[in-house]
Amino acid sequence: MTPQAPMPPTTPPPTTPTATYRLQLQPDFGFAAAAAAVPYLASLGISHLHLSPVLEAVPGSTHGYDVVDHARVRAELGGEDGLRDLARTARGHGLGLVVDLVPNHMAAAVSHNRPLREVLREGPTSGYAGWFDIDWEAQGGRVLLPVLGGPVGEELPHLRVDGAVLRYYEHAFPLREGTASLPLARLLDAQWYRPAWWRLARTELNYRRFFTISDLIAVRVEEPEVFAATHAKILQLLREGVVDGLRIDHPDGLADPGGYLQRLGEATGGRWTVVEKILQDGERLPAAWPVAGTTGYDALRHIDGLFTDPAGSDQLLGLFRRFTGAPADRGGEWAATVRRAAYRVVTHELAAEVDRLTREAVALCAGEPELRDHAPWALRTALCELLVRIPVYRPYASGGVAPETVLTASAAGEAKAAFAVPEEARAVDAVRELALGRRGTGPAHTAFAARFAQTASALHAKAVEDTAFYRYTPLLSALEVGGSPGEPAVSVEAFHAYCARVQRDWPCTSTALSTHDTKRSADVRAAISVLTQCPQRWEELLADVTARTAQGGGTSAPDPQLAWAAWQTLAGLGPAAPDRLHTAMLKHAREAGLFTTWTEQEADYENAVEAFVASGPCGPPGNEVLRFMDDLEPHVHANILGAALIHLTMPGVPDLYQDTEHEYRALVDPDNRAPAHLTPKKHSTKAELTRCALRLRRTHPDWFGDTATYEPLHAEGPGQAHCVAYARAGRVIVATTRLSLRLTDTGGWRTTHLPLPEGEWIELLGPERRFSGHARVAELFEHLPVALLVRRRREQ
């Protein structure tokens with residue numbers, strides 16, 4: 001490969017990154033470790049380090065999203081001095097810093113969260129009471145704290161007063177002034193909070209949280225004083241040049257995402273900012289948001305889909321149904337699986353949130369003669385029926401997906417079918433009008449519409465990402481945030497249309513293939529997606545390993561859906577220690593919630609999972625799967641390199657997850673959140689490709705930036721459907737092989753050729769070669785299944 005010269009060390013990082021590199025900071029990999037890796041990372045060709053949250057978090061946190069103090073940089077990572085040292089080291093090598101900002105929630109760790117501690121001590125009159133979305137009218141005006149291991153009567157012996165603190169194991173709660181000398185029972189009743197059995201959180205919780213995680217309490221950054229207090233340190237770091245850009249975590253959880261982003265943009269002076277907004281197929285980012293774009297899951301979906309065979313994925317679905325016998329709503333059909341999961345989540349895990357919406361709906365209806373006399377149960381039913389029918393994470397009052405486009409009259413009609421009496425079904429119309437903001441503009445009406453949208457976001461995430469993704473599993477590589485498992489393939493034409501739209505509307509958006517949240521790393525998905533090109537061979541292999549597992553004295557799978565997922569996981573991951581695969585499959589089973597869950601664990605089933613993994617995927621039958629995948633290695637390699645090159649050269653700013661410049665096979669957290677190992681490794685084609693493409697972007701940012709062009713190129717001949725090619729700014733050509741196994745089975749490239757734009761083009765990957773006119777694709781891909789060409793300058 002012909003490397004491009006790195007930027008001079010003294011060059012300041014650009015305002016808009018050319019490429020970012022995500023580091024998952026944690027106590028075992030803090031600012032000093034990141035600084036030590038800067039020379040290596042700069043040599044890759046990135047422009048910015050992308051840091052996970054840097055503010056003070058719960059001690060020992062391996063992710064940092066459980067913030068406890070917005071005014072301090074996290075001491076376990078090296079503190080503010082360590083961060084500033086990292087910034088100086090990075091800038092000395094021409095790099096900037098992008099940091100992850102968490103505006104939606106804090107950790108509900110009372111011992112470490114001072115604002116929450118003050119609220120628990122002083123109640124609704126506390127100066128911090130406005131920080132948190134607490135329903136003081138519920139629970140007798142006290143905050144429910146679901147921290148006890150059992151009912152309070154059983155846990156009383158473990159509750160003790162220690163000065164001005166109530167202790168329960170590692171928990172320490174402040175006591176209301178003047179109550180420390182009371183008998184324990186009276187003391188508990190006298191507090192502004194109620195320590196309670198953890199199981200009560202599902203139905204009794206009266207503070208808004210992150211999704212269904214009671215350990216994370218939501219923050220009301222829509223309030224100006226809360227915004228100012230929680231953003232002061234980050235804004236200071238931006239002003240002083242320590243930080244250059246921001247990634248915003250989960251904006252859908254906010255009361256007013258657009259308003260928040262507007263205020264943030266004004267406060268930062270328009271610094272490069274991307275938002276973790278999950279877009280469904282066909283959904284657009286709100287044009288009014290003053291951001292550069294998303295964190296890149298929409299790009300991930302389009303890249304992965306490009307390397308998925310549509311006919312083969314349909315065949316895998318049929319095989320999955322035959323192998324598992326899964327009913328339509330428990331994994332056999334995507335839409336039905338999502339709907340069933342949504343009903344479960346909205347009536348169980350989010351029961352407390354729906355209760356609060358119901359109380360607010362009752363109060364709002366009571367204030368309007370036309371809406372009165374709807375029974376609370378009817379309003380609650382209407383809320384549930386409408387929430388489960390919202391097809392996106394959340395609607396927005398302005399920009400993006402408007403509420404009326406998802407809360408349609410048709411959806412309301414379907415919701416009414418849940419009522420036996422037509423007159424009672426009118427509650428659906430009442431709730432819909434309130435959610436659409438059509439019944440008033442007062443604070444209570446606005447708050448209800450916002451809370452409805454926030455609940456929709458949590459419901460969609462839990463029902464889709466954390467439930468349906470573990471039930472509907474014909475193709476595991478399609479099960480990523482923002483994906484479309486029911487239609488996992490993306491045509492070449494659709495991919496080009498997506499790229500053209502990104503270049504036109506959001507040219508500085510972030511793009512991603514692997515993140516700290518992906519359920520499988522890009523290389524695992526690349527391996528699994530090859531199965532869509534050989535579904536019949538996969539079917540034969542499954543029959544063989546299933547028989548071998550039982551006949552070899554091993555333990556058969558406790559259910560066929562788990563077996564299907566385990567074999568595909570092994571195919572993607574490759575050789576793995578039994579503990580690693582067992583941890584992943586146990587998580588899979590608990591998330592699916594069909595036979596065991598996180599809160600109602602079935603010991604016999606979980607023991608059977610462990611025994612099956614040991615004797616099947618991690619036993620002799622598993623070796624058959626590994627040999628099968630060894631035979632497919634050239635096609636897996638083609639997928640890995642093709643996805644990597646497209647990610648690095650398509651419109652947008654590529655974000656690389658730590659270690660993914662090399663082959664990186666990882667499953668969902670905690671598997672993919674181990675400390676990074678950022679040292680130069682043995683030569684690999686993927687690493688050289690990554691370095692070459694990144695250096696090209698950094699040396700010539702105008703070839704890939706907001707003013708660059710994106711031009712699809714179309715191969716001609718018998719293999720044309722297997723070549724994806726495009727030009728950037730008339731100076732760079734990217735060409736990749738897709739569905740290489742299908743290509744081989746149908747006779748290869750033969751006479752296929754790629755018409756090139758005018759000029760002579762020099763290959764950067766592998767031995768230097770030159771092309772012009774109509775390049776034979778077989779020659780273009782002679783050494784690698786991908787090609788990166790630059791146009792020769794006239795003076796050369």
# chains A, B, ... in the order shown; residues from 1 in each chain; ligands from 1
>>> residues_around(residues="Tyr207 in chain A", least_positions_apart="3", cutoff="9 Å", atoms="only C-alpha atoms", output="PyMOL selection string")
chain A and resi 132-136+143-144+214+217-218+353
>>> atom_distance(atom1="CA of Thr473 in chain A", atom2="CA of Phe323 in chain A")
11.6 Å
>>> atom_distance(atom1="CA of Ala352 in chain A", atom2="CA of Phe210 in chain A")
13.0 Å
>>> closest_residue(among="A:Glu154, A:Glu716, A:Asp466, A:Asp559", to="His774 in chain A", atoms="only C-alpha atoms")
A:Glu716
>>> select_by_dssp(residues="range 458-591 of chain A", states="helix (DSSP H, G or I)", output="ChimeraX atom specification")
/A:458-465,468-470,476-478,492-505,522-533,535-551,560-573,578-591
>>> atom_distance(atom1="CA of Ser556 in chain A", atom2="CA of Ala608 in chain A")
8.3 Å
>>> closest_atom_pairs(of="range 50-114 of chain A", to="range 651-674 of chain A", cutoff="12 Å", atoms="only C-alpha atoms", output="tab-separated table")
residue	atom	partner	partner_atom	distance
A:His50	CA	A:Asp655	CA	8.0
A:Leu51	CA	A:Gln658	CA	10.4
A:Ser52	CA	A:Tyr657	CA	10.9
A:Ser61	CA	A:Arg673	CA	11.3
A:Thr62	CA	A:Arg673	CA	7.6
A:His63	CA	A:Arg673	CA	7.9
A:Gly64	CA	A:Arg673	CA	11.6
A:Val98	CA	A:Asp655	CA	10.9
>>> residues_around(residues="Trp131 in chain A", least_positions_apart="5", cutoff="7 Å", atoms="only C-alpha atoms", output="compact mmCIF listing (two decimals) with all heavy atoms, in the first residue's frame")
# COMPACT_ATOMS: atom_id res chain seq x y z
N VAL A 219 -32.72 13.68 34.48
CA VAL A 219 -32.40 15.07 34.83
C VAL A 219 -33.19 16.00 33.92
O VAL A 219 -33.30 15.78 32.72
CB VAL A 219 -30.89 15.33 34.69
CG1 VAL A 219 -30.56 16.78 35.00
CG2 VAL A 219 -30.10 14.39 35.59
N ARG A 220 -33.73 17.07 34.48
CA ARG A 220 -34.59 18.01 33.74
C ARG A 220 -33.74 19.15 33.16
O ARG A 220 -33.82 20.29 33.59
CB ARG A 220 -35.69 18.54 34.67
CG ARG A 220 -36.59 17.45 35.25
CD ARG A 220 -37.66 18.03 36.14
NE ARG A 220 -38.59 18.85 35.37
CZ ARG A 220 -39.11 20.00 35.78
NH1 ARG A 220 -38.75 20.49 36.96
NH2 ARG A 220 -39.95 20.66 35.04
N VAL A 226 -30.86 24.21 35.51
CA VAL A 226 -30.31 22.84 35.52
C VAL A 226 -29.33 22.68 34.36
O VAL A 226 -28.24 22.10 34.52
CB VAL A 226 -31.44 21.80 35.45
CG1 VAL A 226 -30.86 20.39 35.44
CG2 VAL A 226 -32.40 21.97 36.63
>>> residues_around(residues="Phe612 in chain A", least_positions_apart="5", cutoff="10 Å", atoms="only C-alpha atoms", output="JSON, numbers by chain")
{"A": [549, 550, 554, 555, 556, 557, 558, 562, 563, 566, 582, 606, 607, 617, 618, 619]}
>>> residues_around(residues="Glu760 in chain A", least_positions_apart="5", cutoff="8 Å", atoms="only C-alpha atoms", output="PyMOL selection string")
chain A and resi 770-772+791-792
>>> residues_around(residues="His158 in chain A", least_positions_apart="5", cutoff="9 Å", atoms="only C-alpha atoms", output="ChimeraX atom specification")
/A:167-169
>>> write_last_selection(atoms="N, CA, C and O atoms", output="tab-separated table (two decimals), in the first residue's frame")
chain	number	residue	atom	x	y	z
A	167	ARG	N	-28.28	3.89	57.12
A	167	ARG	CA	-27.44	2.97	56.35
A	167	ARG	C	-28.17	1.66	56.07
A	167	ARG	O	-28.88	1.13	56.92
A	168	TYR	N	-27.91	1.16	54.85
A	168	TYR	CA	-28.39	-0.16	54.45
A	168	TYR	C	-27.29	-0.77	53.58
A	168	TYR	O	-27.12	-0.38	52.43
A	169	TYR	N	-26.52	-1.66	54.18
A	169	TYR	CA	-25.34	-2.20	53.51
A	169	TYR	C	-24.50	-1.05	52.96
A	169	TYR	O	-24.08	-0.18	53.73
>>> residues_around(residues="range 117-122 of chain A", least_positions_apart="4", cutoff="7 Å", atoms="only C-alpha atoms", output="ChimeraX atom specification")
/A:110,113,126,128-129,174-176,192-193
>>> closest_residue(among="A:Ala447, A:Ala693, A:Ala592, A:Ala382", to="Arg471 in chain A", atoms="only C-alpha atoms")
A:Ala592
>>> select_by_dssp(residues="range 514-688 of chain A", states="strand (DSSP E or B)", output="list of chain:residue names")
A:Arg520, A:Val653, A:Pro654, A:Asp655, A:Leu656, A:Tyr657, A:Leu667
>>> closest_residue(among="A:Pro14, A:Pro620, A:Pro290, A:Gly282", to="Gln262 in chain A", atoms="only C-alpha atoms")
A:Pro290
>>> closest_residue(among="A:Arg284, A:Arg239, A:Arg520, A:Arg504", to="Ala267 in chain A", atoms="only C-alpha atoms")
A:Arg239
